[in-house]
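Student: Below is a structure I'd like to ask you about.
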Amino acid sequence: MKTVSIEPNFKSWREMSRLLLGDMVEPANVIWRVGQLYPEESGFDDEMFFEFGKQGEEENAKGYQRTSQLPRVPKHFMSLAETLSSHRSGKQWAMLYEILWIITYGNNKAILYHHTHPTIRKVENMRKQIGRDIHKMRAFVRFRKVSAPDDDNSGREHFVSWFEPDHLIVRLNANFYRKRFAGMNFSILTPDECMHWDGNQLSFTEGVAKTHAPEGDELETLWKSYYRSIFNPARVKIKMMQTEMPKKYWKNLPEADIIEELIRDSSDRISDMMEETNRELKPRPKNAYLDYLDELNQGE
Amino acid sequence: MFLGTYNAIMNTIEKLEILADAAKYDASCASSGGARKDSSKGKGVGSTGGAGICHSYAPDGRCISLLKVLLTNVCLYDCHYCINRRSSNVRRALFTPEEVVELTLSFYKRNYIEGLFLSSGIVRSADYTMEMVIRVARLLREEHDFRGYIHLKTIPEASPELISEAGKYADRLSINVELPLQKNLKVLAPEKNVTRTREAMQTINSRITETLVTRKEMRRSKSRAKKPTFATGQSTQMIVGADGSHDSDFLKRSEDLYGNFNLRRVYYSAFSPIPEPSVLLPLKSPPLVREHRLYQADWLLRFYDFQVDELTTSEEPDLDLDIDPKLSWALRNRHVFPFDVNSAPLEMLYRIPGLGVRNAQRIVRLRMYHKVGLEDLIKLRVNLKKTMPFMICSDHHPAKLEFSNEDIRLRFSPPPKQMELDFSAPVIGDKVIIENAETVTKLTMEAGKEAMHGEF
Ligand code: SF4
C-alpha cells in the first residue's frame with residue numbers, strides 16, 4: 001500500500017499520477033490523501049507533492065525519468081479529469097487514477113465510453129454534479145450594488161454578491177463572469193474563494209464569511225414586483241419550481257421572500273377570475289388603420 | 001391616443017406590474033441559441049451564446065430568464081383570448097423606451113436576467129408600434145453597448161424593412177400564430193391573419209439565411225469589413241384550448257412552420273383564465289396535460305422523425321391525454337414490435353416507448369462491445385417497465401400475448417383522480433434542463449481544453 005498526498009487540484013494529481021504510473025503502482029494499492037485547498041504560497045515546492053515514504057528521493061528521480069515518455073491519453077480524459085478536480089468530495093482522485101490505469105496499462109481507451117462501468121458511472125455522475133453546480137452559480141448569483149471605494153475615480157459601478165457553491169467551481173466560472181460583466185466592477189464572495197474584476201484583471205482571494213456581503217439593493221423591490229406579476233396563479237406547480245430552484249438557494253435569492261405569499265394567494269386570485277362575468281362584444285371603433293386591415297382581410 | 005395621461009401619474013413599479021402581468025401569457029422564455037458574443041471588448045455588459053440560463057422560477061414552474069414586458073398594453077386589436085384587447089377594461093400603461101432600457105440594464109447587472117423579451121400592444125399602426133419596439137433595442141445595443149439577449153415580438157403587418165431592422169438588433173424574433181386555423185382566427189382574432197403571418201415569417205427566414213451566407217463569405221474572403229448581424233432564430237406560440245382546433249391542427253401547423261420557415265420552437269400555451277374574459281371564450285381552461293402532450297408530440301416530430309399522420313389520425317385527431325404519444329403510436333402499431341435492440345437500426349430504437357434519443361445512441365455504442373442485456377439497460381436507467389413489452393435483448397424476449405394493449409395502457413394511465421400539481425415536469429422544462437446540462441458540460445470541457453496537452 002502506498003499513501004500519497006496531493007493538493008486538491010488537477011496539476012498536483014497529474015504530477016503524482018505520472019510518478020505512480022511510472023512505477024507501475026496498481027490503483028488498488030494507492031491511498032489518496034488530499035491536502036488543504038489553498039496552501040501558503042511558501043509551501044509550494046516540489047517535495048510537497050511527492051511523499052513516497054522512505055526511499056522518496058530515489059523514487060522521485062526514477063519517476064521523473066520515466067515520465068519523459070508520457071503515455072498518450074484521449075483528450076476527453078484530460079478534460080474529464082480537469083473538470084472533476086473541483087469535486088468537493090475528494091473521492092475523484094482515486095477513480096481518475098483507476099481509469100488512467102485502464103487506459104494506459106489496460107490499453108483500453110474505450111473505457112471512457114463504457115457507460116455501464118461502475119467507475120465510469122461514478123465519475124460521469126460527479127461531472128454532472130459539477131456541471132449542474134456551475135450552471136446554478138451562473139443562474140443564482142445575485143449582485144448588489146455598492147458605492148465605489150473613495151479612491152476610485154473610474155466612474156465604474158461596483159457590484160458584490162454572495163454565493164455558496166456545492167463544489168470548488170469559482171474559477172471554472174471566472175471567465176464566464178468576466179466576459180459577461182466586463183463593463184462593471186464586481187466581486188463574487190464565497191466561503192471557499194472570492195473572485196474580483198476591476199475592468200482590467202481578475203483576481204482571487206481567500207474565502208470569507210457571509211457577513212462580508214452587502215445586505216440589500218433598492219432594485220430588489222422592482223425585481224420582486226416583476227416576479228409577482230410574471231407569475232400565473234392559474235398554473236401553480238410548486239414541485240416543478242423546487243426541482244429547478246431547490247430551497248437551499250432561496251436564502252440568497254431576494255425574490256424567494258414572496259414565494260409563500262404568492263402560493264397562498266393564488267387560489268383566491270383564480271376564483272375571483274372565475275367569477276367574472278364574460279364581457280360582451282363591442283363594435284369596432286372608427287379607426288383608419290383598422291379599416292385598412294379590414295380591407296386586407298376582405299381581399300383574402 | 002390617450003397615452004400621455006397614463007404616463008404622468010404612474011411610477012415605474014406600477015407600470016412594471018401592469019406590463020409584466022400583460023406579458024406573462026407568452027410561454028416563450030428561451031434565451032439560448034444567440035450568436036456568441038460578450039462584453040470583453042465593449043464598454044457595456046452582456047453575453048450570449050450556448051445554453052440560456054433560467055435565473056429564477058416562478059411558483060407556476062416556469063423559468064424566468066428574460067425581462068418579459070410589453071411596451072404598452074394599449075391595443076387596437078380585439079383578440080378575444082387576450083387581456084389587452086381593445087374591448088377589455090384593464091388599466092393601461094405605457095413605458096417610455098428609456099424606462100425599458102434602464103430596467104433591462106439594472107436587472108441584467110444584478111444577474112436577474114439574460115436579457116429582454118419585448119412585445120407590445122398595437123398602437124396607431126403596425127409600423128408605428130414596430131418603430132417604438134425597435135427604438136428600445138437600438139438604444140440598448142448602440143447607446144449602451146448591451147450584448148445580452150434580446151427577443152423582439154414582431155408584427156406581421158409591419159413593413160419588411162422594419163422587420164429587417166428589428167432583426168439587426170435582436171437575437172430572436174417571433175410572431176405568434178396564436179391559432180392554427182384561419183377560420184378560427186377570423187372569429188377570435190379578427191385583425192390577425194395566417195397568410196400574412198406566414199409571409200412575415202418567410203421574410204425573417206430569408207434574412208436569417210442571407211445573413212449567414214454573407215457572414216460565411218466574408219469569413220472565407222477574410223474580409224475586414226463589419227459583418228452584418230441578424231437574429232439567429234424565430235419562434236412562435238399557439239394557444240391551446242381557446243378554439244375548437246384539434247391537436248392534429250396544431251401539429252400540422254407546427255410541421256408547416258418548422259418545415260417552411262425553419263422555426264426554432266413552437267410554444268403551446270394552454271389557454272388560461274384571464275380577468276376580463278370575453279363572451280366568445282370557453283368557460284373552462286383545457287387540462288394542462290393537453291399542453292404537455294403537444295410538447296411531447298412536437299418533440300417527436302423534431303427529434304424522433306415522426307410524422308403528424310403517425311401521431312394523430314383522422315379518426316383520432318386529438319392526442320391521448322392518458323398516455324404519451326409515443327406509447328400511443330406503439331400500441332397502434334404492435335405489429336412492428338418487438339425487435340432486438342442488438343440489431344435494429346438506430347431510427348428503430350427511437351421508436352421504442354420509454355427509450356430516449358441519448359440512451360438509444362448509447363445502446364448502439366455499447367453493442368459494438370457486447371450483447372446488450374437487461375442489466376445494461378438498468379444501468380442506463382432505461383424505463384424498463386415501459387420498454388419491455390416492445391423490445392428484445394440478450395436476456396429478454398416478451399411473449400406477444402404477455403402484454404395486451406389494454407394492460408399496457410392501464411399501467412401507464414394516470415390514476416383516476418390525479419391533481420394538476422402531481423404532474424411534475426412537462427417535457428419542455430425537462431428538455432431545457434437536459435440541453436443546459438449538456439452544454440454546460442461541453443463548455444466546461446472547452447474551458448479545460450485551453451490548458452490541455454492531449455498527452456499525459
Ligand atoms: S394584438 Fe391581440 S394578442 Fe396582441 S396585445 Fe393586442 S389584443 Fe393582445
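We label chains A, B, ... in the order they appear in the C-alpha cells, count residues from 1 in each chain, and number ligands from 1 in the order shown.
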Using only C-alpha atoms, which residues sit within 8 Å of segment 283-297 of chain B once same-chain residues fewer than 2 positions away are excluded, as a PyMOL selection string?

Tutor: chain B and resi 240-242+247+251+267-273+281+299-301+311+319-321+324-326+420+423+426-428

Student: Give the residue list for ligand 1 at 10 Å, counting only C-alpha atoms and all ligand atoms, as number ranges by chain, sorted by chain and then by residue number.

Tutor: B: 22-23, 25-26, 70, 72-88, 119-123, 126, 153, 155, 176-178, 188-192

Student: Give me, as a tab-separated table, each residue of chain A that comes within 6 Å of chain B, together with its shortest interatomic pair and the distance in Å at one decimal, counting only C-alpha atoms, with rows ordered by chain and rising residue number.

Tutor:
residue	atom	partner	partner_atom	distance
A:Leu70	CA	B:Phe456	CA	5.5
A:Pro71	CA	B:Phe456	CA	5.6
A:Arg72	CA	B:Glu455	CA	4.4
A:Val73	CA	B:Glu455	CA	5.4
A:Lys75	CA	B:Gly454	CA	4.9
A:Ser79	CA	B:Met445	CA	5.3
A:Thr116	CA	B:Lys379	CA	5.8
A:Gly131	CA	B:Thr441	CA	5.5
A:Ala139	CA	B:His55	CA	4.5
A:Phe140	CA	B:His55	CA	5.9
A:Arg142	CA	B:Asn111	CA	5.6
A:Phe143	CA	B:Arg110	CA	4.3
A:Lys179	CA	B:Ser40	CA	5.0
A:Arg180	CA	B:Gly46	CA	4.7
A:Phe181	CA	B:Val45	CA	4.8
A:Ala182	CA	B:Ser40	CA	5.3
A:Gly183	CA	B:Gly44	CA	4.5
A:Ser229	CA	B:Asp21	CA	4.7
A:Ile230	CA	B:Lys24	CA	5.1
A:Phe231	CA	B:Ala58	CA	5.6
A:Arg235	CA	B:Asp60	CA	5.3
A:Val236	CA	B:Asp60	CA	4.2
A:Lys237	CA	B:Asp60	CA	4.7
A:Ile238	CA	B:Pro59	CA	5.3
A:Met240	CA	B:Gly61	CA	4.9
A:Met241	CA	B:Gly61	CA	4.3
A:Met273	CA	B:Pro275	CA	5.4
A:Asn278	CA	B:Val279	CA	4.8
A:Arg279	CA	B:Ser278	CA	4.9
A:Glu280	CA	B:Val279	CA	5.8

Student: Write out as a PDB file with all heavy atoms, in the first residue's frame the residues lying within 9 Å of segment 28-31 of chain A, counting only C-alpha atoms and excluding same-chain residues fewer than 2 positions away.

Tutor:
ATOM      1  N   MET A   1       0.820  -1.215   0.000  1.00  0.00           N
ATOM      2  CA  MET A   1       0.000   0.000   0.000  1.00  0.00           C
ATOM      3  C   MET A   1       0.852   1.263   0.000  1.00  0.00           C
ATOM      4  O   MET A   1       1.809   1.373   0.749  1.00  0.00           O
ATOM      5  CB  MET A   1      -0.861   0.046   1.273  1.00  0.00           C
ATOM      6  CG  MET A   1      -2.272  -0.438   1.098  1.00  0.00           C
ATOM      7  SD  MET A   1      -3.119   0.342  -0.252  1.00  0.00           S
ATOM      8  CE  MET A   1      -4.497  -0.776  -0.391  1.00  0.00           C
ATOM      9  N   LYS A   2       0.496   2.187  -0.792  1.00  0.00           N
ATOM     10  CA  LYS A   2       1.213   3.444  -0.852  1.00  0.00           C
ATOM     11  C   LYS A   2       0.222   4.552  -0.506  1.00  0.00           C
ATOM     12  O   LYS A   2      -0.853   4.611  -1.087  1.00  0.00           O
ATOM     13  CB  LYS A   2       1.713   3.631  -2.274  1.00  0.00           C
ATOM     14  CG  LYS A   2       2.915   4.514  -2.357  1.00  0.00           C
ATOM     15  CD  LYS A   2       3.676   4.224  -3.634  1.00  0.00           C
ATOM     16  CE  LYS A   2       5.131   3.993  -3.339  1.00  0.00           C
ATOM     17  NZ  LYS A   2       5.895   3.537  -4.473  1.00  0.00           N
ATOM     18  N   THR A   3       0.598   5.383   0.442  1.00  0.00           N
ATOM     19  CA  THR A   3      -0.258   6.533   0.709  1.00  0.00           C
ATOM     20  C   THR A   3       0.385   7.749   0.071  1.00  0.00           C
ATOM     21  O   THR A   3       1.546   8.049   0.329  1.00  0.00           O
ATOM     22  CB  THR A   3      -0.394   6.762   2.219  1.00  0.00           C
ATOM     23  OG1 THR A   3      -0.963   5.585   2.776  1.00  0.00           O
ATOM     24  CG2 THR A   3      -1.312   7.935   2.498  1.00  0.00           C
ATOM     25  N   VAL A   4      -0.352   8.406  -0.811  1.00  0.00           N
ATOM     26  CA  VAL A   4       0.215   9.598  -1.438  1.00  0.00           C
ATOM     27  C   VAL A   4      -0.628  10.792  -1.054  1.00  0.00           C
ATOM     28  O   VAL A   4      -1.809  10.670  -0.758  1.00  0.00           O
ATOM     29  CB  VAL A   4       0.254   9.478  -2.974  1.00  0.00           C
ATOM     30  CG1 VAL A   4       1.095   8.303  -3.374  1.00  0.00           C
ATOM     31  CG2 VAL A   4      -1.144   9.379  -3.547  1.00  0.00           C
ATOM     32  N   SER A   5       0.006  11.942  -1.064  1.00  0.00           N
ATOM     33  CA  SER A   5      -0.742  13.120  -0.640  1.00  0.00           C
ATOM     34  C   SER A   5      -0.575  14.216  -1.684  1.00  0.00           C
ATOM     35  O   SER A   5       0.528  14.496  -2.149  1.00  0.00           O
ATOM     36  CB  SER A   5      -0.215  13.511   0.736  1.00  0.00           C
ATOM     37  OG  SER A   5      -0.250  14.877   0.884  1.00  0.00           O
ATOM     38  N   LEU A  20       3.279   7.577 -10.220  1.00  0.00           N
ATOM     39  CA  LEU A  20       2.717   6.274  -9.878  1.00  0.00           C
ATOM     40  C   LEU A  20       2.675   5.369 -11.103  1.00  0.00           C
ATOM     41  O   LEU A  20       3.012   4.191 -11.035  1.00  0.00           O
ATOM     42  CB  LEU A  20       1.312   6.435  -9.295  1.00  0.00           C
ATOM     43  CG  LEU A  20       1.230   7.148  -7.943  1.00  0.00           C
ATOM     44  CD1 LEU A  20      -0.223   7.405  -7.565  1.00  0.00           C
ATOM     45  CD2 LEU A  20       1.920   6.332  -6.854  1.00  0.00           C
ATOM     46  N   VAL A  25       2.432   1.408 -10.086  1.00  0.00           N
ATOM     47  CA  VAL A  25       1.700   1.151  -8.848  1.00  0.00           C
ATOM     48  C   VAL A  25       0.232   0.935  -9.202  1.00  0.00           C
ATOM     49  O   VAL A  25      -0.407   1.819  -9.777  1.00  0.00           O
ATOM     50  CB  VAL A  25       1.808   2.334  -7.876  1.00  0.00           C
ATOM     51  CG1 VAL A  25       1.140   1.991  -6.556  1.00  0.00           C
ATOM     52  CG2 VAL A  25       3.257   2.723  -7.693  1.00  0.00           C
ATOM     53  N   GLU A  26      -0.294  -0.217  -8.887  1.00  0.00           N
ATOM     54  CA  GLU A  26      -1.675  -0.502  -9.261  1.00  0.00           C
ATOM     55  C   GLU A  26      -2.648   0.353  -8.463  1.00  0.00           C
ATOM     56  O   GLU A  26      -2.416   0.633  -7.286  1.00  0.00           O
ATOM     57  CB  GLU A  26      -1.976  -1.978  -9.024  1.00  0.00           C
ATOM     58  CG  GLU A  26      -1.364  -2.850 -10.086  1.00  0.00           C
ATOM     59  CD  GLU A  26      -1.771  -4.291  -9.914  1.00  0.00           C
ATOM     60  OE1 GLU A  26      -2.930  -4.514  -9.480  1.00  0.00           O
ATOM     61  OE2 GLU A  26      -0.941  -5.168 -10.194  1.00  0.00           O
ATOM     62  N   ARG A  33      -4.513  10.941  -0.360  1.00  0.00           N
ATOM     63  CA  ARG A  33      -4.799  11.911   0.691  1.00  0.00           C
ATOM     64  C   ARG A  33      -4.781  13.287   0.068  1.00  0.00           C
ATOM     65  O   ARG A  33      -3.957  13.585  -0.776  1.00  0.00           O
ATOM     66  CB  ARG A  33      -3.710  11.862   1.771  1.00  0.00           C
ATOM     67  CG  ARG A  33      -3.753  10.658   2.656  1.00  0.00           C
ATOM     68  CD  ARG A  33      -4.369  11.019   4.022  1.00  0.00           C
ATOM     69  NE  ARG A  33      -4.847   9.816   4.701  1.00  0.00           N
ATOM     70  CZ  ARG A  33      -4.043   8.940   5.296  1.00  0.00           C
ATOM     71  NH1 ARG A  33      -2.739   9.144   5.296  1.00  0.00           N
ATOM     72  NH2 ARG A  33      -4.547   7.879   5.891  1.00  0.00           N
ATOM     73  N   ALA A  94      -8.760   8.945  -6.750  1.00  0.00           N
ATOM     74  CA  ALA A  94      -8.511   7.515  -6.877  1.00  0.00           C
ATOM     75  C   ALA A  94      -9.210   6.965  -8.113  1.00  0.00           C
ATOM     76  O   ALA A  94      -8.642   6.161  -8.862  1.00  0.00           O
ATOM     77  CB  ALA A  94      -8.998   6.799  -5.629  1.00  0.00           C
ATOM     78  N   GLU A  98      -7.580   5.179 -11.411  1.00  0.00           N
ATOM     79  CA  GLU A  98      -8.001   3.852 -11.862  1.00  0.00           C
ATOM     80  C   GLU A  98      -8.296   3.866 -13.361  1.00  0.00           C
ATOM     81  O   GLU A  98      -7.873   2.979 -14.111  1.00  0.00           O
ATOM     82  CB  GLU A  98      -9.238   3.417 -11.072  1.00  0.00           C
ATOM     83  CG  GLU A  98      -9.707   2.020 -11.431  1.00  0.00           C
ATOM     84  CD  GLU A  98     -11.114   1.729 -10.926  1.00  0.00           C
ATOM     85  OE1 GLU A  98     -11.555   2.389  -9.951  1.00  0.00           O
ATOM     86  OE2 GLU A  98     -11.773   0.872 -11.527  1.00  0.00           O
TER      87      GLU A  98
END

Student: Where does DSSP see alpha helix (DSSP H) in segment 141-281 of chain B, if you list the residues as a compact mmCIF listing (two decimals) with N, CA and C atoms, in the first residue's frame?

Tutor:
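Written out: states_21.txt:
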# COMPACT_ATOMS: atom_id res chain seq x y z
N PRO B 160 -41.56 45.11 -44.29
CA PRO B 160 -40.41 44.21 -44.26
C PRO B 160 -39.12 44.94 -43.86
N GLU B 161 -39.02 46.23 -44.19
CA GLU B 161 -37.81 46.98 -43.81
C GLU B 161 -37.70 47.05 -42.29
N LEU B 162 -38.84 47.31 -41.63
CA LEU B 162 -38.81 47.40 -40.17
C LEU B 162 -38.51 46.04 -39.55
N ILE B 163 -39.09 45.00 -40.13
CA ILE B 163 -38.81 43.66 -39.61
C ILE B 163 -37.32 43.37 -39.73
N SER B 164 -36.73 43.78 -40.87
CA SER B 164 -35.30 43.56 -41.04
C SER B 164 -34.50 44.35 -40.03
N GLU B 165 -34.95 45.56 -39.75
CA GLU B 165 -34.20 46.37 -38.80
C GLU B 165 -34.27 45.75 -37.40
N ALA B 166 -35.45 45.28 -37.05
CA ALA B 166 -35.61 44.64 -35.74
C ALA B 166 -34.63 43.48 -35.61
N GLY B 167 -34.50 42.72 -36.70
CA GLY B 167 -33.63 41.55 -36.68
C GLY B 167 -32.17 41.89 -36.50
N LYS B 168 -31.81 43.10 -36.92
CA LYS B 168 -30.42 43.54 -36.77
C LYS B 168 -30.01 43.60 -35.30
N TYR B 169 -30.95 43.99 -34.45
CA TYR B 169 -30.62 44.17 -33.03
C TYR B 169 -30.95 42.95 -32.18
N GLN B 182 -57.16 29.56 -39.96
CA GLN B 182 -57.62 30.91 -40.29
C GLN B 182 -59.08 31.11 -39.91
N LYS B 183 -59.90 30.07 -40.12
CA LYS B 183 -61.33 30.27 -39.87
C LYS B 183 -61.60 30.60 -38.40
N ASN B 184 -60.79 30.08 -37.50
CA ASN B 184 -60.98 30.41 -36.09
C ASN B 184 -60.38 31.76 -35.71
N LEU B 185 -59.30 32.09 -36.37
CA LEU B 185 -58.72 33.41 -36.14
C LEU B 185 -59.74 34.48 -36.49
N LYS B 186 -60.45 34.24 -37.57
CA LYS B 186 -61.42 35.22 -38.05
C LYS B 186 -62.43 35.59 -36.97
N VAL B 187 -62.77 34.60 -36.17
CA VAL B 187 -63.74 34.85 -35.10
C VAL B 187 -63.05 35.42 -33.86
N LEU B 188 -61.96 34.78 -33.46
CA LEU B 188 -61.37 35.12 -32.16
C LEU B 188 -60.34 36.24 -32.24
N VAL B 194 -53.41 34.30 -40.96
CA VAL B 194 -52.34 33.31 -41.09
C VAL B 194 -51.44 33.59 -42.29
N THR B 195 -52.04 33.97 -43.40
CA THR B 195 -51.24 34.19 -44.60
C THR B 195 -50.20 35.28 -44.37
N ARG B 196 -50.66 36.39 -43.77
CA ARG B 196 -49.71 37.49 -43.54
C ARG B 196 -48.63 37.07 -42.55
N THR B 197 -49.03 36.30 -41.54
CA THR B 197 -48.03 35.83 -40.58
C THR B 197 -46.99 34.96 -41.27
N ARG B 198 -47.47 34.07 -42.14
CA ARG B 198 -46.52 33.19 -42.84
C ARG B 198 -45.59 34.00 -43.73
N GLU B 199 -46.15 35.05 -44.38
CA GLU B 199 -45.29 35.88 -45.23
C GLU B 199 -44.18 36.55 -44.41
N ALA B 200 -44.58 37.07 -43.26
CA ALA B 200 -43.57 37.74 -42.42
C ALA B 200 -42.52 36.74 -41.93
N MET B 201 -42.98 35.52 -41.62
CA MET B 201 -42.01 34.50 -41.20
C MET B 201 -41.04 34.19 -42.32
N GLN B 202 -41.58 34.21 -43.54
CA GLN B 202 -40.74 33.97 -44.72
C GLN B 202 -39.67 35.07 -44.82
N THR B 203 -40.11 36.32 -44.65
CA THR B 203 -39.16 37.44 -44.68
C THR B 203 -38.04 37.21 -43.67
N ILE B 204 -38.45 36.89 -42.44
CA ILE B 204 -37.45 36.69 -41.38
C ILE B 204 -36.51 35.55 -41.74
N ASN B 205 -37.10 34.46 -42.21
CA ASN B 205 -36.28 33.30 -42.53
C ASN B 205 -35.26 33.62 -43.62
N SER B 206 -35.69 34.38 -44.65
CA SER B 206 -34.70 34.65 -45.70
C SER B 206 -33.62 35.59 -45.19
N ARG B 207 -33.97 36.54 -44.34
CA ARG B 207 -32.91 37.41 -43.76
C ARG B 207 -31.91 36.59 -42.94
N ILE B 208 -32.45 35.65 -42.17
CA ILE B 208 -31.55 34.83 -41.35
C ILE B 208 -30.56 34.08 -42.25
N THR B 209 -31.09 33.46 -43.30
CA THR B 209 -30.23 32.69 -44.20
C THR B 209 -29.24 33.60 -44.91
N GLU B 210 -29.76 34.71 -45.48
CA GLU B 210 -28.88 35.66 -46.19
C GLU B 210 -27.71 36.07 -45.30
N THR B 211 -28.05 36.44 -44.07
CA THR B 211 -27.00 36.93 -43.18
C THR B 211 -25.95 35.85 -42.93
N LEU B 212 -26.43 34.63 -42.73
CA LEU B 212 -25.49 33.54 -42.50
C LEU B 212 -24.55 33.37 -43.70
N VAL B 213 -25.15 33.42 -44.90
CA VAL B 213 -24.36 33.24 -46.11
C VAL B 213 -23.33 34.36 -46.25
N THR B 214 -23.79 35.61 -46.10
CA THR B 214 -22.87 36.74 -46.22
C THR B 214 -21.72 36.63 -45.23
N ARG B 215 -22.06 36.29 -44.00
CA ARG B 215 -21.01 36.21 -42.97
C ARG B 215 -19.99 35.14 -43.32
N LYS B 216 -20.51 34.04 -43.86
CA LYS B 216 -19.62 32.95 -44.22
C LYS B 216 -18.68 33.37 -45.34
N GLU B 217 -19.26 34.05 -46.36
CA GLU B 217 -18.43 34.50 -47.48
C GLU B 217 -17.36 35.48 -47.00
N MET B 218 -17.78 36.37 -46.10
CA MET B 218 -16.82 37.36 -45.61
C MET B 218 -15.69 36.69 -44.85
N ARG B 219 -16.07 35.63 -44.11
CA ARG B 219 -15.04 34.91 -43.37
C ARG B 219 -14.05 34.25 -44.33
N ARG B 220 -14.64 33.68 -45.40
CA ARG B 220 -13.80 32.95 -46.34
C ARG B 220 -12.84 33.91 -47.05
N ASP B 247 -55.76 18.61 -31.90
CA ASP B 247 -54.31 18.50 -31.78
C ASP B 247 -53.66 18.32 -33.15
N SER B 248 -54.35 17.61 -34.05
CA SER B 248 -53.76 17.43 -35.38
C SER B 248 -53.64 18.77 -36.10
N ASP B 249 -54.58 19.70 -35.85
CA ASP B 249 -54.47 21.03 -36.48
C ASP B 249 -53.22 21.74 -35.97
N PHE B 250 -53.00 21.65 -34.64
CA PHE B 250 -51.82 22.30 -34.06
C PHE B 250 -50.55 21.71 -34.64
N LEU B 251 -50.51 20.37 -34.65
CA LEU B 251 -49.27 19.72 -35.07
C LEU B 251 -49.00 19.93 -36.55
N LYS B 252 -50.08 19.97 -37.36
CA LYS B 252 -49.86 20.21 -38.78
C LYS B 252 -49.34 21.62 -39.00
N ARG B 253 -49.87 22.57 -38.24
CA ARG B 253 -49.36 23.93 -38.37
C ARG B 253 -47.89 23.96 -37.95
N SER B 254 -47.56 23.26 -36.88
CA SER B 254 -46.16 23.25 -36.45
C SER B 254 -45.26 22.65 -37.52
N GLU B 255 -45.72 21.54 -38.08
CA GLU B 255 -44.94 20.89 -39.13
C GLU B 255 -44.71 21.86 -40.29
N ASP B 256 -45.77 22.59 -40.65
CA ASP B 256 -45.69 23.60 -41.70
C ASP B 256 -44.62 24.65 -41.34
N LEU B 257 -44.67 25.16 -40.12
CA LEU B 257 -43.77 26.25 -39.75
C LEU B 257 -42.32 25.78 -39.57
N TYR B 258 -42.15 24.60 -38.97
CA TYR B 258 -40.79 24.07 -38.85
C TYR B 258 -40.22 23.83 -40.24
N GLY B 259 -41.03 23.22 -41.09
CA GLY B 259 -40.56 22.81 -42.41
C GLY B 259 -40.29 23.98 -43.33
N ASN B 260 -41.22 24.94 -43.39
CA ASN B 260 -41.10 26.01 -44.37
C ASN B 260 -40.27 27.19 -43.89
N PHE B 261 -40.32 27.48 -42.62
CA PHE B 261 -39.63 28.70 -42.17
C PHE B 261 -38.58 28.40 -41.12

Student: In Å, how far is it from atom CA of Gln201 of chain A to atom CA of Arg132 of chain A?

Tutor: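 Result for atom CA of Gln201 of chain A versus atom CA of Arg132 of chain A: 26.7 Å, one decimal.
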
Student: Pick out each residue of segment 63-219 of chain A that DSSP on the backbone tags as strand (DSSP E); I need them as number ranges by chain.

Tutor: A: 144-146, 158-162, 185-189, 193-197, 202-206

Student: Would you mind listing what lies within 10 Å of segment 210-212 of chain A as a list of chain:residue names, with only C-alpha atoms counted and same-chain residues fewer than 5 positions away left out?

Tutor: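 The residues satisfying every condition are A:Val160, A:Ser161, A:Trp162, A:Phe163, A:Glu164, A:Leu189, A:Thr190, A:Pro191.
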
Student: With N, CA and C atoms kept, could you save the residues just selected as an mmCIF file, in the first residue's frame?

Tutor:
data_model
loop_
_atom_site.group_PDB
_atom_site.id
_atom_site.type_symbol
_atom_site.label_atom_id
_atom_site.label_comp_id
_atom_site.auth_asym_id
_atom_site.auth_seq_id
_atom_site.Cartn_x
_atom_site.Cartn_y
_atom_site.Cartn_z
ATOM 1 N N VAL A 160 -21.472 43.534 -5.726
ATOM 2 C CA VAL A 160 -20.923 42.451 -4.913
ATOM 3 C C VAL A 160 -22.004 41.396 -4.712
ATOM 4 N N SER A 161 -21.598 40.129 -4.719
ATOM 5 C CA SER A 161 -22.589 39.092 -4.483
ATOM 6 C C SER A 161 -22.035 38.026 -3.552
ATOM 7 N N TRP A 162 -22.951 37.295 -2.953
ATOM 8 C CA TRP A 162 -22.595 36.207 -2.056
ATOM 9 C C TRP A 162 -23.161 34.918 -2.614
ATOM 10 N N PHE A 163 -22.340 33.870 -2.718
ATOM 11 C CA PHE A 163 -22.840 32.601 -3.243
ATOM 12 C C PHE A 163 -22.168 31.444 -2.519
ATOM 13 N N GLU A 164 -22.925 30.346 -2.350
ATOM 14 C CA GLU A 164 -22.372 29.167 -1.672
ATOM 15 C C GLU A 164 -22.411 27.956 -2.591
ATOM 16 N N LEU A 189 -18.324 36.730 -3.661
ATOM 17 C CA LEU A 189 -17.771 36.197 -2.426
ATOM 18 C C LEU A 189 -18.347 34.812 -2.167
ATOM 19 N N THR A 190 -17.476 33.884 -1.799
ATOM 20 C CA THR A 190 -17.950 32.556 -1.408
ATOM 21 C C THR A 190 -17.124 32.097 -0.205
ATOM 22 N N PRO A 191 -17.561 31.061 0.475
ATOM 23 C CA PRO A 191 -16.796 30.574 1.626
ATOM 24 C C PRO A 191 -15.448 29.969 1.202
#

Student: Return the single residue from A:Lys11, A:Arg144, A:Lys248, A:Lys224 that is closest to Ser187 of chain A, with distances computed using only C-alpha atoms.

Tutor: A:Arg144

Student: I need the residue nearest Glu218 of chain A from this list: A:Leu262, A:Lys286, A:Met195, A:Lys145. Use only C-alpha atoms for the distance.

Tutor: A:Lys145

Student: Give me, please, the distance in Å between atom CA of Ser154 of chain A and atom CA of Gly199 of chain A, quoted to one decimal.

Tutor: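 Atom CA of Gly199 of chain A lies 9.8 Å from atom CA of Ser154 of chain A.
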
Student: Have a look at atom CA of Pro285 of chain A and atom CA of Thr129 of chain B and let me know their distance in Å, one decimal.

Tutor: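 One can read the atom CA of Pro285 of chain A to atom CA of Thr129 of chain B distance as 18.9 Å.
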
Student: Give me, as a VMD selection string, all polymer residues having an atom no more than 12 Å from Val136 of chain B, counting only C-alpha atoms and skipping those fewer than 6 positions away in the same chain.

Tutor: chain B and resid 70 to 71 95 to 105 116 to 120 129 to 130 142 to 144 146 150 to 152 166 169 to 170
